[in-house]
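What follows is one structure encoded as structure tokens, with my remarks underneath.
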Amino acid sequence: MMNITSLPAVKGFSADRFTKRILFQQGGGVTFVLHFLPGQQLPVHKHPGSDVILLVVEGTGTIILDRKEQEVKQEDVICCSGETEFAFHNSGDREVRLFVVLNHVPDASYAQDV
């Protein structure tokens, strides 16, 4: 089976909060894109039982892994364990898009658009 999805087709920002758009869900994993306007953030959370791979598609911001802040920019790739406390803040002045792969979905709520 092969699926092709265009990132511009799912691009969507909200003034209220970050948005999440599911691209694929198969084999126990999920692939999605997160969209952040300047100042928006993803609260601290974990992905138990899963590894996280993240690509900064567009923009710059601050990723927080186990309370350690690291600046990230377009085309940076991050990989961490699901046991790592993870957060993100769009600390820049333009839109940010993050492409995320969870190789195992810890709970059905992780695989829903928000």
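Chain lettering (A, B, ...) mirrors the order of the structure tokens, residue numbering begins at 1 for each chain separately, and ligand numbering begins at 1 in order of display.
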
request  = May I have the residues within 10 Å of region 32-35 of chain A as a PyMOL selection string, using only C-alpha atoms and disregarding those fewer than 6 positions away in the same chain?
outcome  = chain A and resi 7+10-14+17-25+41-42+54-58+90+95-102+110-114

Shell of 8 Å around Gly82 (chain A), only C-alpha atoms, local chain residues under 4 positions omitted, as a PyMOL selection string = chain A and resi 46-52

Kindly save the residues from that selection, with N, CA, C and O atoms included, as a PDB file, in the first residue's frame.
```pdb
ATOM      1  N   LYS A  46       4.716  13.342  27.266  1.00  0.00           N
ATOM      2  CA  LYS A  46       5.537  12.191  26.882  1.00  0.00           C
ATOM      3  C   LYS A  46       4.777  11.345  25.869  1.00  0.00           C
ATOM      4  O   LYS A  46       3.564  11.508  25.702  1.00  0.00           O
ATOM      5  N   HIS A  47       5.482  10.437  25.217  1.00  0.00           N
ATOM      6  CA  HIS A  47       4.895   9.467  24.287  1.00  0.00           C
ATOM      7  C   HIS A  47       5.344   8.072  24.723  1.00  0.00           C
ATOM      8  O   HIS A  47       6.178   7.454  24.062  1.00  0.00           O
ATOM      9  N   PRO A  48       4.822   7.568  25.845  1.00  0.00           N
ATOM     10  CA  PRO A  48       5.299   6.297  26.403  1.00  0.00           C
ATOM     11  C   PRO A  48       5.233   5.150  25.387  1.00  0.00           C
ATOM     12  O   PRO A  48       4.263   5.012  24.659  1.00  0.00           O
ATOM     13  N   GLY A  49       6.305   4.357  25.348  1.00  0.00           N
ATOM     14  CA  GLY A  49       6.328   3.190  24.473  1.00  0.00           C
ATOM     15  C   GLY A  49       6.550   3.515  23.012  1.00  0.00           C
ATOM     16  O   GLY A  49       6.355   2.665  22.153  1.00  0.00           O
ATOM     17  N   SER A  50       6.949   4.733  22.700  1.00  0.00           N
ATOM     18  CA  SER A  50       7.116   5.157  21.318  1.00  0.00           C
ATOM     19  C   SER A  50       8.413   5.944  21.177  1.00  0.00           C
ATOM     20  O   SER A  50       8.881   6.560  22.128  1.00  0.00           O
ATOM     21  N   ASP A  51       9.005   5.910  20.008  1.00  0.00           N
ATOM     22  CA  ASP A  51      10.092   6.832  19.683  1.00  0.00           C
ATOM     23  C   ASP A  51       9.497   7.973  18.890  1.00  0.00           C
ATOM     24  O   ASP A  51       8.498   7.806  18.183  1.00  0.00           O
ATOM     25  N   VAL A  52      10.111   9.156  18.994  1.00  0.00           N
ATOM     26  CA  VAL A  52       9.615  10.357  18.330  1.00  0.00           C
ATOM     27  C   VAL A  52      10.677  10.848  17.351  1.00  0.00           C
ATOM     28  O   VAL A  52      11.840  11.019  17.736  1.00  0.00           O
TER      29      VAL A  52
END
```

inquiry  = What does the structure give for the distance between CA of Pro106 (chain A) and CA of Val30 (chain A), in Å to one decimal?
reply    =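 CA of Pro106 (chain A) sits 10.0 Å away from CA of Val30 (chain A).
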
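Going from CA of Phe88 (chain A) to CA of Leu65 (chain A) covers 8.8 Å.
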
request  = Give me the residues within 12 Å of Met2 (chain A) as a list of chain:residue names, counting only C-alpha atoms and dropping any in the same chain fewer than 2 places off.
outcome  = A:Ile4, A:Thr5, A:Phe24, A:Gln26

query = Which residue gives the smallest distance to Glu83 (chain A) among A:Gly27, A:His45, A:Lys68, A:Pro38, with only C-alpha atoms counted?
reply = A:His45
